[in-house]
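S.K.: I have a structure here, written as C-alpha cells, and I will follow up with some questions on it.
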Amino acid sequence: MAALERDLERALAVLQRNPALRPQFETDLISLIDSPGEGVVELVSFAMHELRWPAVERAIRSRLSDPGRNVSDRRLHEAMLDAFSDAWRDRDHYARFGHQG
C-alpha cells in the first residue's frame with residue numbers, strides 16, 4: 001500500500017498547489033467517476049476525503065440517484081461518497097488519515 005499512498009499523496013499535492021486549475025480538476029475527477037477503473041476509487045476517495053469538493057460530491061450523488069446504474073458501479077460510487085465523511089471507513093488504510101484522533 002505504501003507505493004499507492006505515495007502516488008495518491010503526489011496527486012493530492014498537485015490538486016492543492018494549483019487552486020486556479022480547480023475547475024478543470026473537478027471536471028477531470030467527475031469524468032473519472034463515470035468509468036471507475038483501477039485506482040479511480042482510491043484516487044477520488046483519498047483526494048476528496050481531504051478536499052471535500054462539493055461539485056465532485058454532487059456528481060457522485062447524482063450517479064447514485066440513477067436507478068439504471070449497474071450494481072458494481074453503484075458500490076464504487078458509494079465507496080467514493082463515503083470518503084466525504086469524517087467517519088470514512090477506509091481512512092485507516094492511509095497514514096495521512098489513519099492516525100488522527
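Please note that chains go A, B, ... in the order of the C-alpha cells, that every chain numbers its residues from 1, and that ligands are numbered from 1 in the order shown.
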Can you list, as a VMD selection string, every protein, DNA or RNA residue that comes within 10 Å of segment 34-48 of chain A when you count only C-alpha atoms, leaving out same-chain residues fewer than 3 positions away?
M.R.: chain A and resid 4 to 5 7 to 9 11 to 13 15 to 16 29 to 31 51 to 54 56 to 57 59 to 60 63 72 to 73 76 to 85 88 90 to 91 94 96 to 97
S.K.: Apply DSSP to the backbone of this structure and, from segment 20-72 of chain A, keep only the residues in alpha helix (DSSP H); write these as a PyMOL selection string.
M.R.: chain A and resi 22-33+40-51+54-64+71-72
S.K.: I need the residues from that last selection saved to file as a short mmCIF file (atom, residue, chain, number, x, y, z; two decimals), in the first residue's frame (with N, CA, C and O atoms), if you can.
M.R.:
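Wrote it out as out07.cif, contents follow:
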```
data_model
loop_
_atom_site.label_atom_id
_atom_site.label_comp_id
_atom_site.auth_asym_id
_atom_site.auth_seq_id
_atom_site.Cartn_x
_atom_site.Cartn_y
_atom_site.Cartn_z
N ARG A 22 -8.62 24.32 -10.28
CA ARG A 22 -9.66 23.51 -9.64
C ARG A 22 -10.84 23.19 -10.55
O ARG A 22 -11.28 22.03 -10.59
N PRO A 23 -11.38 24.15 -11.32
CA PRO A 23 -12.50 23.79 -12.20
C PRO A 23 -12.14 22.66 -13.17
O PRO A 23 -12.95 21.75 -13.40
N GLN A 24 -10.94 22.70 -13.73
CA GLN A 24 -10.50 21.63 -14.63
C GLN A 24 -10.31 20.32 -13.88
O GLN A 24 -10.70 19.26 -14.34
N PHE A 25 -9.72 20.41 -12.69
CA PHE A 25 -9.53 19.20 -11.87
C PHE A 25 -10.88 18.57 -11.52
O PHE A 25 -11.03 17.36 -11.54
N GLU A 26 -11.86 19.42 -11.17
CA GLU A 26 -13.19 18.90 -10.85
C GLU A 26 -13.78 18.16 -12.05
O GLU A 26 -14.31 17.05 -11.91
N THR A 27 -13.67 18.78 -13.22
CA THR A 27 -14.17 18.15 -14.44
C THR A 27 -13.47 16.81 -14.69
O THR A 27 -14.12 15.81 -15.02
N ASP A 28 -12.16 16.79 -14.50
CA ASP A 28 -11.39 15.56 -14.72
C ASP A 28 -11.80 14.46 -13.73
O ASP A 28 -11.99 13.31 -14.13
N LEU A 29 -11.94 14.82 -12.47
CA LEU A 29 -12.33 13.83 -11.47
C LEU A 29 -13.74 13.31 -11.72
O LEU A 29 -14.00 12.11 -11.60
N ILE A 30 -14.64 14.20 -12.11
CA ILE A 30 -16.02 13.79 -12.40
C ILE A 30 -16.03 12.85 -13.60
O ILE A 30 -16.77 11.87 -13.61
N SER A 31 -15.20 13.11 -14.60
CA SER A 31 -15.17 12.19 -15.75
C SER A 31 -14.62 10.83 -15.33
O SER A 31 -15.05 9.80 -15.85
N LEU A 32 -13.72 10.81 -14.36
CA LEU A 32 -13.19 9.53 -13.88
C LEU A 32 -14.26 8.70 -13.17
O LEU A 32 -14.28 7.48 -13.30
N ILE A 33 -15.14 9.35 -12.44
CA ILE A 33 -16.13 8.58 -11.68
C ILE A 33 -17.13 7.88 -12.59
O ILE A 33 -17.79 6.94 -12.17
N VAL A 40 -9.19 4.42 -9.61
CA VAL A 40 -10.06 5.60 -9.60
C VAL A 40 -10.72 5.78 -8.23
O VAL A 40 -10.72 6.88 -7.68
N VAL A 41 -11.26 4.71 -7.68
CA VAL A 41 -11.92 4.82 -6.38
C VAL A 41 -10.93 5.31 -5.33
O VAL A 41 -11.25 6.19 -4.53
N GLU A 42 -9.73 4.77 -5.35
CA GLU A 42 -8.71 5.16 -4.39
C GLU A 42 -8.32 6.63 -4.56
O GLU A 42 -8.24 7.38 -3.58
N LEU A 43 -8.09 7.05 -5.79
CA LEU A 43 -7.71 8.43 -6.05
C LEU A 43 -8.80 9.40 -5.63
O LEU A 43 -8.54 10.36 -4.88
N VAL A 44 -10.02 9.17 -6.08
CA VAL A 44 -11.12 10.08 -5.76
C VAL A 44 -11.36 10.08 -4.25
O VAL A 44 -11.51 11.15 -3.64
N SER A 45 -11.39 8.91 -3.65
CA SER A 45 -11.66 8.83 -2.21
C SER A 45 -10.58 9.54 -1.40
O SER A 45 -10.89 10.34 -0.51
N PHE A 46 -9.33 9.26 -1.70
CA PHE A 46 -8.22 9.86 -0.96
C PHE A 46 -8.23 11.38 -1.09
O PHE A 46 -8.16 12.09 -0.09
N ALA A 47 -8.34 11.86 -2.32
CA ALA A 47 -8.31 13.31 -2.54
C ALA A 47 -9.53 14.00 -1.95
O ALA A 47 -9.42 15.06 -1.33
N MET A 48 -10.69 13.40 -2.11
CA MET A 48 -11.91 14.07 -1.64
C MET A 48 -12.10 13.97 -0.13
O MET A 48 -12.75 14.81 0.47
N HIS A 49 -11.47 12.99 0.51
CA HIS A 49 -11.53 12.98 1.97
C HIS A 49 -10.82 14.21 2.52
O HIS A 49 -11.25 14.80 3.50
N GLU A 50 -9.76 14.60 1.83
CA GLU A 50 -9.01 15.79 2.23
C GLU A 50 -9.67 17.08 1.74
O GLU A 50 -9.80 18.04 2.49
N LEU A 51 -10.09 17.12 0.48
CA LEU A 51 -10.53 18.37 -0.15
C LEU A 51 -12.03 18.65 -0.03
O LEU A 51 -12.42 19.81 -0.02
N PRO A 54 -17.45 20.17 -3.23
CA PRO A 54 -18.89 19.95 -3.40
C PRO A 54 -19.30 19.50 -4.81
O PRO A 54 -20.21 18.68 -4.94
N ALA A 55 -18.65 19.99 -5.84
CA ALA A 55 -19.02 19.61 -7.21
C ALA A 55 -18.80 18.11 -7.43
O ALA A 55 -19.61 17.45 -8.10
N VAL A 56 -17.74 17.57 -6.89
CA VAL A 56 -17.46 16.15 -7.04
C VAL A 56 -18.46 15.34 -6.22
O VAL A 56 -19.00 14.34 -6.69
N GLU A 57 -18.74 15.80 -5.02
CA GLU A 57 -19.74 15.11 -4.18
C GLU A 57 -21.11 15.09 -4.86
O GLU A 57 -21.78 14.05 -4.90
N ARG A 58 -21.51 16.22 -5.42
CA ARG A 58 -22.81 16.29 -6.13
C ARG A 58 -22.83 15.32 -7.31
O ARG A 58 -23.83 14.64 -7.55
N ALA A 59 -21.73 15.25 -8.03
CA ALA A 59 -21.66 14.35 -9.19
C ALA A 59 -21.80 12.89 -8.76
O ALA A 59 -22.51 12.11 -9.40
N ILE A 60 -21.15 12.53 -7.67
CA ILE A 60 -21.25 11.15 -7.19
C ILE A 60 -22.68 10.87 -6.73
O ILE A 60 -23.26 9.83 -7.05
N ARG A 61 -23.27 11.80 -5.99
CA ARG A 61 -24.66 11.62 -5.53
C ARG A 61 -25.61 11.49 -6.73
O ARG A 61 -26.54 10.69 -6.69
N SER A 62 -25.34 12.25 -7.75
CA SER A 62 -26.17 12.18 -8.96
C SER A 62 -26.09 10.79 -9.59
O SER A 62 -27.11 10.24 -10.01
N ARG A 63 -24.89 10.23 -9.64
CA ARG A 63 -24.73 8.87 -10.20
C ARG A 63 -25.48 7.86 -9.34
O ARG A 63 -26.09 6.93 -9.85
N LEU A 64 -25.45 8.06 -8.04
CA LEU A 64 -26.13 7.12 -7.13
C LEU A 64 -27.65 7.22 -7.23
O LEU A 64 -28.35 6.25 -6.95
N VAL A 71 -24.92 -2.42 -10.62
CA VAL A 71 -24.65 -2.60 -9.19
C VAL A 71 -23.16 -2.41 -8.87
O VAL A 71 -22.82 -1.82 -7.85
N SER A 72 -22.29 -2.88 -9.73
CA SER A 72 -20.85 -2.73 -9.47
C SER A 72 -20.45 -1.27 -9.40
O SER A 72 -19.75 -0.86 -8.48
#
```
S.K.: From the options A:Gly98, A:Arg74, A:Pro19, A:His93, which residue's atoms come nearest to Ala2 of chain A, counting only C-alpha atoms?
M.R.: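 Among A:Gly98, A:Arg74, A:Pro19, A:His93, it is A:His93 that comes nearest to Ala2 of chain A.
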S.K.: As an exercise, work out the distance from atom CA of Asn70 of chain A to atom CA of Ala87 of chain A in Å and give it to one decimal place.
M.R.: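 Taking atom CA of Asn70 of chain A as the start and atom CA of Ala87 of chain A as the end point, the length is 25.9 Å.
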